[in-house]
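Novice: Just so it is clear, I am handing over target-v1.cif, which has mmCIF, C-alpha atoms.
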```
data_final
loop_
_atom_site.label_atom_id
_atom_site.label_comp_id
_atom_site.auth_asym_id
_atom_site.auth_seq_id
_atom_site.Cartn_x
_atom_site.Cartn_y
_atom_site.Cartn_z
CA MET A 1 1.01 14.13 -18.08
CA ALA A 2 3.13 11.02 -17.61
CA THR A 3 5.12 9.71 -20.58
CA ALA A 4 4.87 6.07 -21.65
CA GLU A 5 8.19 5.44 -19.92
CA ASP A 6 6.93 7.10 -16.73
CA GLU A 7 3.79 4.97 -16.85
CA LEU A 8 5.87 1.81 -16.88
CA LEU A 9 7.91 3.07 -13.93
CA ILE A 10 4.76 4.06 -12.03
CA GLU A 11 3.21 0.66 -12.67
CA GLN A 12 6.29 -1.07 -11.25
CA VAL A 13 6.14 1.10 -8.13
CA THR A 14 2.47 0.22 -7.55
CA SER A 15 3.54 -3.39 -6.89
CA ALA A 16 3.69 -4.35 -3.20
CA HIS A 17 6.77 -6.45 -3.86
CA ARG A 18 9.83 -4.97 -2.20
CA ALA A 19 13.25 -6.56 -1.77
CA ARG A 20 15.04 -6.59 1.61
CA ASP A 21 18.52 -5.36 2.42
CA LEU A 22 21.08 -7.44 4.30
CA ASP A 23 19.61 -6.30 7.64
CA GLY A 24 16.14 -7.41 6.58
CA ARG A 25 14.85 -3.85 6.08
CA VAL A 26 12.35 -3.20 3.32
CA LYS A 27 14.12 -1.56 0.36
CA SER A 28 12.74 1.11 -1.95
CA HIS A 29 11.68 -0.09 -5.39
CA PRO A 30 14.45 0.69 -7.95
CA ALA A 31 11.86 2.19 -10.32
CA TRP A 32 10.80 4.74 -7.65
CA HIS A 33 14.27 6.33 -7.84
CA ASP A 34 13.89 6.82 -11.60
CA LEU A 35 10.69 8.88 -11.21
CA ASP A 36 10.61 12.66 -10.87
CA GLU A 37 8.55 14.32 -8.10
CA ALA A 38 5.35 14.41 -10.17
CA GLY A 39 5.79 10.76 -11.11
CA ARG A 40 6.33 9.78 -7.48
CA ARG A 41 3.15 11.58 -6.43
CA GLU A 42 1.25 9.87 -9.26
CA ALA A 43 2.67 6.51 -8.16
CA PHE A 44 1.48 7.22 -4.59
CA GLU A 45 -2.08 7.91 -5.77
CA ALA A 46 -2.10 4.93 -8.16
CA THR A 47 -0.85 2.64 -5.39
CA GLY A 48 -3.56 3.82 -3.00
CA LEU A 49 -6.26 3.14 -5.58
CA ALA A 50 -4.76 -0.24 -6.46
CA ARG A 51 -4.82 -1.23 -2.77
CA VAL A 52 -8.51 -0.27 -2.49
CA LEU A 53 -9.25 -2.52 -5.47
CA GLU A 54 -7.12 -5.36 -4.11
CA ALA A 55 -8.69 -5.20 -0.66
CA ALA A 56 -12.17 -5.21 -2.19
CA LEU A 57 -11.34 -8.28 -4.29
CA ASP A 58 -9.77 -10.22 -1.42
CA PRO A 59 -12.11 -12.37 0.70
CA ARG A 60 -10.29 -11.21 3.87
CA GLY A 61 -10.25 -7.59 2.73
CA GLN A 62 -6.45 -7.58 2.63
CA SER A 63 -4.49 -5.65 0.02
CA THR A 64 -1.24 -6.98 -1.39
CA THR A 65 0.60 -4.71 1.08
CA ALA A 66 -1.09 -6.53 3.97
CA GLN A 67 -0.40 -9.89 2.35
CA ALA A 68 3.27 -9.06 1.76
CA VAL A 69 3.73 -8.02 5.41
CA LEU A 70 1.96 -11.15 6.68
CA ALA A 71 4.05 -13.36 4.40
CA ARG A 72 7.16 -11.75 5.83
CA ILE A 73 5.94 -12.32 9.42
CA ARG A 74 5.08 -15.96 8.74
CA ARG A 75 8.50 -16.58 7.18
CA GLY A 76 10.01 -15.28 10.42
CA MET B 1 -13.30 -6.52 27.02
CA ASN B 2 -14.40 -4.63 23.85
CA ALA B 3 -13.66 -5.68 20.25
CA GLU B 4 -10.55 -3.52 19.95
CA ALA B 5 -9.11 -4.84 23.22
CA LEU B 6 -9.79 -8.44 22.13
CA GLN B 7 -8.10 -7.82 18.80
CA LEU B 8 -5.11 -6.21 20.48
CA ALA B 9 -4.83 -9.14 22.90
CA SER B 10 -4.70 -11.58 19.94
CA ILE B 11 -2.10 -9.46 18.12
CA SER B 12 0.02 -9.15 21.26
CA ALA B 13 -0.15 -12.92 21.67
CA GLY B 14 1.42 -13.28 18.19
CA ASP B 15 -1.63 -14.13 16.08
CA PRO B 16 -0.86 -13.13 12.45
CA GLU B 17 -4.52 -13.61 11.44
CA ALA B 18 -5.60 -10.98 13.96
CA PHE B 19 -2.83 -8.67 12.77
CA GLY B 20 -3.93 -9.16 9.15
CA HIS B 21 -7.50 -8.31 10.12
CA TRP B 22 -6.27 -5.18 11.89
CA ILE B 23 -4.12 -4.12 8.90
CA ALA B 24 -7.13 -4.45 6.58
CA GLY B 25 -8.93 -1.84 8.67
CA VAL B 26 -6.11 0.65 9.15
CA GLU B 27 -4.00 0.48 5.97
CA PRO B 28 -5.83 3.30 4.13
CA SER B 29 -5.37 5.62 7.13
CA LEU B 30 -1.70 4.79 7.50
CA ARG B 31 -1.10 5.28 3.76
CA ARG B 32 -2.83 8.66 3.88
CA THR B 33 -0.47 9.63 6.71
CA LEU B 34 2.38 9.19 4.24
CA LYS B 35 0.96 11.49 1.55
CA PRO B 36 3.25 14.43 2.49
CA PHE B 37 6.21 12.08 1.97
CA ALA B 38 5.06 10.82 -1.45
CA ALA B 39 7.75 12.64 -3.47
CA LEU B 40 10.48 12.10 -0.86
CA VAL B 41 10.47 8.41 0.05
CA ASP B 42 9.07 5.17 -1.38
CA THR B 43 5.94 5.14 0.79
CA GLU B 44 5.11 1.49 0.02
CA ALA B 45 8.46 0.35 1.45
CA VAL B 46 8.07 2.68 4.46
CA LEU B 47 4.55 1.44 5.17
CA GLN B 48 5.60 -2.23 5.09
CA GLU B 49 8.59 -1.49 7.34
CA ALA B 50 6.33 0.40 9.79
CA LEU B 51 3.80 -2.45 9.91
CA LEU B 52 6.59 -4.93 10.65
CA ARG B 53 7.81 -2.68 13.49
CA VAL B 54 4.27 -2.48 14.93
CA TRP B 55 4.08 -6.29 14.86
CA GLN B 56 7.43 -6.57 16.64
CA VAL B 57 6.46 -4.07 19.34
CA ALA B 58 2.85 -5.27 19.78
CA PRO B 59 3.60 -7.84 22.56
CA LYS B 60 4.89 -5.00 24.76
CA PHE B 61 2.37 -2.37 23.66
CA VAL B 62 0.33 -0.86 26.51
CA PRO B 63 -2.87 0.88 25.30
CA ASP B 64 -3.68 4.26 26.83
CA GLY B 65 -7.39 3.46 27.21
CA LYS B 66 -8.52 5.83 24.44
CA PRO B 67 -10.04 4.47 21.17
CA ASN B 68 -7.81 3.22 18.33
CA ALA B 69 -4.72 3.01 20.54
CA LEU B 70 -2.77 0.68 18.24
CA LEU B 71 -3.73 2.71 15.16
CA ARG B 72 -2.50 5.92 16.80
CA PHE B 73 0.73 4.17 17.75
CA ALA B 74 1.04 2.88 14.17
CA VAL B 75 0.60 6.41 12.76
CA THR B 76 3.51 7.61 14.89
CA THR B 77 5.59 4.57 13.92
CA THR B 78 4.83 5.15 10.23
CA ARG B 79 5.78 8.84 10.38
CA ASN B 80 8.98 7.99 12.26
CA ALA B 81 9.88 5.35 9.68
CA ALA B 82 9.31 7.89 6.89
CA VAL B 83 11.40 10.58 8.60
CA SER B 84 14.15 8.04 9.26
CA GLU B 85 14.18 7.05 5.58
CA LEU B 86 14.08 10.70 4.50
CA ARG B 87 17.10 11.58 6.65
CA ARG B 88 19.18 9.17 4.60
CA SER B 89 18.76 11.48 1.59
CA ALA B 90 19.80 14.66 3.48
CA PRO B 91 16.61 16.73 2.98
CA SER B 92 16.72 20.54 2.77
CA HIS B 93 15.34 22.80 5.54
CA GLU B 94 12.60 23.91 3.11
CA GLN B 95 11.53 20.31 2.54
CA LEU B 96 11.42 19.60 6.28
CA ASP B 97 9.47 22.81 7.03
CA ALA B 98 6.91 22.03 4.30
CA LEU B 99 6.60 18.50 5.63
CA GLU B 100 6.07 19.64 9.20
CA HIS B 101 3.33 22.02 8.04
CA GLN B 102 1.50 19.27 6.12
CA LEU B 103 1.79 16.77 8.97
CA ALA B 104 0.38 19.31 11.43
CA GLN B 105 -2.71 19.68 9.25
CA GLN B 106 -3.50 15.96 9.09
CA GLN B 107 -6.68 14.76 10.76
CA ALA B 108 -6.69 11.96 13.31
CA ALA B 109 -6.61 8.53 11.70
CA GLN B 110 -9.73 6.38 11.84
CA PRO B 111 -10.18 2.67 10.99
CA TRP B 112 -11.73 1.96 7.59
CA VAL B 113 -14.91 -0.06 7.17
CA PRO B 114 -15.17 -1.84 3.76
CA ASP B 115 -18.12 -0.97 1.54
CA PRO B 116 -19.97 -4.16 0.40
CA PHE B 117 -21.40 -2.32 -2.63
CA LEU B 118 -17.90 -1.35 -3.78
CA ARG B 119 -16.73 -4.95 -3.36
CA GLU B 120 -19.59 -6.24 -5.53
CA ALA B 121 -19.12 -3.54 -8.19
CA ILE B 122 -15.37 -4.23 -8.49
CA ALA B 123 -15.93 -7.98 -8.74
CA GLU B 124 -18.48 -7.44 -11.53
CA CYS B 125 -16.16 -5.09 -13.44
CA ARG B 126 -13.27 -7.52 -13.06
CA LYS B 127 -15.28 -10.18 -14.90
CA LYS B 128 -15.51 -7.86 -17.94
CA LEU B 129 -11.74 -7.38 -18.33
CA PRO B 130 -10.14 -8.65 -21.57
CA ARG B 131 -7.97 -11.76 -21.22
CA GLN B 132 -4.48 -10.20 -21.08
CA PRO B 133 -5.22 -7.37 -18.61
CA SER B 134 -7.18 -9.86 -16.53
CA ALA B 135 -4.19 -12.23 -16.46
CA ALA B 136 -1.84 -9.43 -15.36
CA LEU B 137 -4.23 -8.38 -12.59
CA GLU B 138 -4.70 -11.97 -11.45
CA GLN B 139 -0.93 -12.43 -11.15
CA ARG B 140 -0.51 -9.33 -9.01
CA LEU B 141 -3.42 -10.35 -6.77
CA SER B 142 -2.45 -13.98 -6.34
CA SER B 143 1.22 -13.23 -5.64
CA GLY B 144 0.20 -11.03 -2.69
CA GLY B 145 3.24 -8.79 -3.10
CA THR B 146 5.69 -11.65 -2.60
CA GLU B 147 7.08 -11.90 -6.15
CA ASP B 148 8.75 -9.49 -8.53
CA ASP B 149 6.84 -8.37 -11.64
CA ALA B 150 9.47 -10.04 -13.85
CA VAL B 151 8.57 -13.41 -12.30
CA LEU B 152 4.84 -12.76 -12.70
CA ALA B 153 5.30 -11.67 -16.33
CA ALA B 154 7.29 -14.80 -17.18
CA ARG B 155 4.61 -16.98 -15.59
CA VAL B 156 1.97 -15.70 -18.02
CA GLY B 157 4.37 -15.65 -20.99
CA MET B 158 4.64 -11.87 -21.27
CA LYS B 159 7.62 -9.55 -21.48
CA LEU B 160 7.88 -7.28 -18.45
CA ASN B 161 6.80 -4.14 -20.33
CA THR B 162 3.83 -5.96 -21.87
CA PHE B 163 2.84 -7.21 -18.43
CA LEU B 164 3.02 -3.69 -16.98
CA GLN B 165 1.05 -2.24 -19.90
CA ASN B 166 -1.63 -4.87 -19.38
CA PHE B 167 -1.77 -4.08 -15.69
CA THR B 168 -2.20 -0.38 -16.53
CA ARG B 169 -5.03 -1.33 -18.89
CA ALA B 170 -6.66 -3.45 -16.19
CA ARG B 171 -6.57 -0.58 -13.71
CA LYS B 172 -7.95 1.93 -16.22
CA LEU B 173 -10.69 -0.40 -17.48
CA LEU B 174 -11.75 -1.19 -13.93
CA ALA B 175 -11.90 2.52 -13.08
CA GLU B 176 -13.96 3.25 -16.24
CA CYS B 177 -16.34 0.38 -15.53
CA LEU B 178 -16.80 1.53 -11.94
CA LYS B 179 -17.40 5.11 -13.06
CA LYS B 180 -20.21 3.89 -15.32
CA ARG B 181 -21.74 2.31 -12.21
CA GLY B 182 -21.47 5.59 -10.37
CA VAL B 183 -18.42 4.55 -8.32
CA GLU B 184 -15.58 7.07 -8.25
CA LEU B 185 -12.60 5.41 -6.61
CA GLU B 186 -10.68 7.52 -4.13
CA VAL B 187 -7.86 6.96 -1.67
CA ARG B 188 -9.48 7.18 1.75
#
```
Translate the structure of the given file into structure tokens.
Specialist:
Amino acid sequence: MATAEDELLIEQVTSAHRARDLDGRVKSHPAWHDLDEAGRREAFEATGLARVLEAALDPRGQSTTAQAVLARIRRG
Amino acid sequence: MNAEALQLASISAGDPEAFGHWIAGVEPSLRRTLKPFAALVDTEAVLQEALLRVWQVAPKFVPDGKPNALLRFAVTTTRNAAVSELRRSAPSHEQLDALEHQLAQQQAAQPWVPDPFLREAIAECRKKLPRQPSAALEQRLSSGGTEDDAVLAARVGMKLNTFLQNFTRARKLLAECLKKRGVELEVR
């Protein structure tokens, strides 16, 4: 059972927003590093469910992961 | 030329719309590929990095003539990106053995076809959300993963923790509402 603090970390990890490093590579979310193994697995499941919801609510069927990648491509 | 070949031709020619359409169909399969890595790497970051690599390589990609060629290539790219990220944390032999075992058991990836009933049910349940959870959800959706939660929280006048709590509520309320309609959400 996740603690209230874990829940906040998990919720941050479910975001599709990821910073880039100096080489332009996608960086891990800082909150992911603060989770234990069980929390990371829970974050994985929660993210998958969130993306199903997002894709279903988007007229093009794109989750925020897809939108973040496309935004990155369009920025060049 | 079949639909997949046409789509691949558009992607190879540098059409982001076609690539977005392709991602919408394959993202659940690619994410499922990363399940064995869930406790070892940030799979969201790995998936985005892998999709960017697929986009970069697409102009030179030569399909092998079998179905779902680009998806199969993307699965390999995604696994390689995850292994590459994992190596940075010096994994143990036990971790690598367990990973290899899980990866060997994975089924071949298939494109996902959206369910129109699910779409309608989620949209209906979204309308029933209370104001604050609805606002948090709306921010996440409209930002499309391009802005940090702190920015989104400030935009709707919430502290970060309040924003995250409201997003948790939105997710849970949506899941409860869907369950009442006989929809059990699952990661495909």
Novice: Carefully work through the PyMOL selection byres ((chain A) within 6 of (chain B)) for this structure and note down the residues it includes, as an MDAnalysis selection string.
Specialist: chainID A and resid 16:17 26 28 37 40:41 44 48:49 56 61:62 64 67:68
Novice: Restricting the calculation to only C-alpha atoms: of A:Ile10, A:Ala66, A:Ile73, A:Ala4, which residue gets closest to Asp34 (chain A)?
Specialist: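 Of the candidates, the smallest distance to Asp34 (chain A) is held by A:Ile10.
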Novice: For CA of Cys177 (chain B) and CA of Cys125 (chain B), determine how far apart the two atoms are, in Å to one decimal place.
Specialist: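 Between these atoms lies a distance of 5.9 Å.
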Novice: Have a look at CA of Ala19 (chain A) and CA of Arg72 (chain A) and let me know their distance in Å, one decimal.
Specialist: 11.0 Å
Novice: Of the candidates B:Val83, B:Val26, B:Leu6, B:Ala104, which one gets nearest to Thr65 (chain A) if we count all atoms listed in the file?
Specialist: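 Smallest separation from Thr65 (chain A) among the options: B:Val26.
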Novice: Around the point (0.6, 3.8, -10.0) (coordinates from the file), which residues reach within 7 Å if we count only C-alpha atoms? Answer as a PDB file with C-alpha atoms, keeping the file's coordinate frame.
Specialist:
```pdb
ATOM      1  CA  ILE A  10       4.760   4.060 -12.030  1.00  0.00           C
ATOM      2  CA  GLU A  11       3.210   0.660 -12.670  1.00  0.00           C
ATOM      3  CA  VAL A  13       6.140   1.100  -8.130  1.00  0.00           C
ATOM      4  CA  THR A  14       2.470   0.220  -7.550  1.00  0.00           C
ATOM      5  CA  GLU A  42       1.250   9.870  -9.260  1.00  0.00           C
ATOM      6  CA  ALA A  43       2.670   6.510  -8.160  1.00  0.00           C
ATOM      7  CA  PHE A  44       1.480   7.220  -4.590  1.00  0.00           C
ATOM      8  CA  GLU A  45      -2.080   7.910  -5.770  1.00  0.00           C
ATOM      9  CA  ALA A  46      -2.100   4.930  -8.160  1.00  0.00           C
ATOM     10  CA  THR A  47      -0.850   2.640  -5.390  1.00  0.00           C
TER      11      THR A  47
END
```
Novice: Name all residues at most 10 Å from Ala58 (chain B) (count only C-alpha atoms; drop same-chain ones fewer than 6 positions away) and give them as a PDB file with C-alpha atoms, in the coordinates of the input.
Specialist:
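result.pdb was written with the following content:
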```pdb
ATOM      1  CA  LEU B   8      -5.110  -6.210  20.480  1.00  0.00           C
ATOM      2  CA  ALA B   9      -4.830  -9.140  22.900  1.00  0.00           C
ATOM      3  CA  SER B  10      -4.700 -11.580  19.940  1.00  0.00           C
ATOM      4  CA  ILE B  11      -2.100  -9.460  18.120  1.00  0.00           C
ATOM      5  CA  SER B  12       0.020  -9.150  21.260  1.00  0.00           C
ATOM      6  CA  ALA B  13      -0.150 -12.920  21.670  1.00  0.00           C
ATOM      7  CA  GLY B  14       1.420 -13.280  18.190  1.00  0.00           C
ATOM      8  CA  PHE B  19      -2.830  -8.670  12.770  1.00  0.00           C
ATOM      9  CA  LEU B  52       6.590  -4.930  10.650  1.00  0.00           C
ATOM     10  CA  LEU B  70      -2.770   0.680  18.240  1.00  0.00           C
ATOM     11  CA  PHE B  73       0.730   4.170  17.750  1.00  0.00           C
TER      12      PHE B  73
END
```
Novice: Which residues would end up in the selection if the PyMOL selection byres ((chain B and resi 108) around 10) were applied here, given that I need the answer as a ChimeraX atom specification?
Specialist: /B:29,33,71-72,75,105-107,109-110
Novice: May I ask for the distance between CA of Leu70 (chain A) and CA of Leu9 (chain A), given in Å to one decimal place?
Specialist: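 Rounded to one decimal, the two atoms are 25.7 Å apart.
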Novice: Give the answer as one residue: which of B:Phe61, B:Val54, B:Pro67, B:Leu99 has the shortest atom-to-atom distance to Ala81 (chain B), using all atoms listed in the file?
Specialist: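 Among the listed residues, B:Val54 lies closest to Ala81 (chain B).
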Novice: Restricting the calculation to all atoms listed in the file, which member of B:Leu103, B:Arg79, B:Ala74, B:Glu138 is positioned closest to Asp58 (chain A)?
Specialist: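 When distances to Asp58 (chain A) are compared using all atoms listed in the file, the smallest one comes from B:Glu138.
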Novice: Find the residue from A:Ser15, A:Thr3, A:His29, A:Gly76 that sits nearest to Ser63 (chain A); use all atoms listed in the file when measuring.
Specialist: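 Of all the options, A:Ser15 lies closest to Ser63 (chain A).
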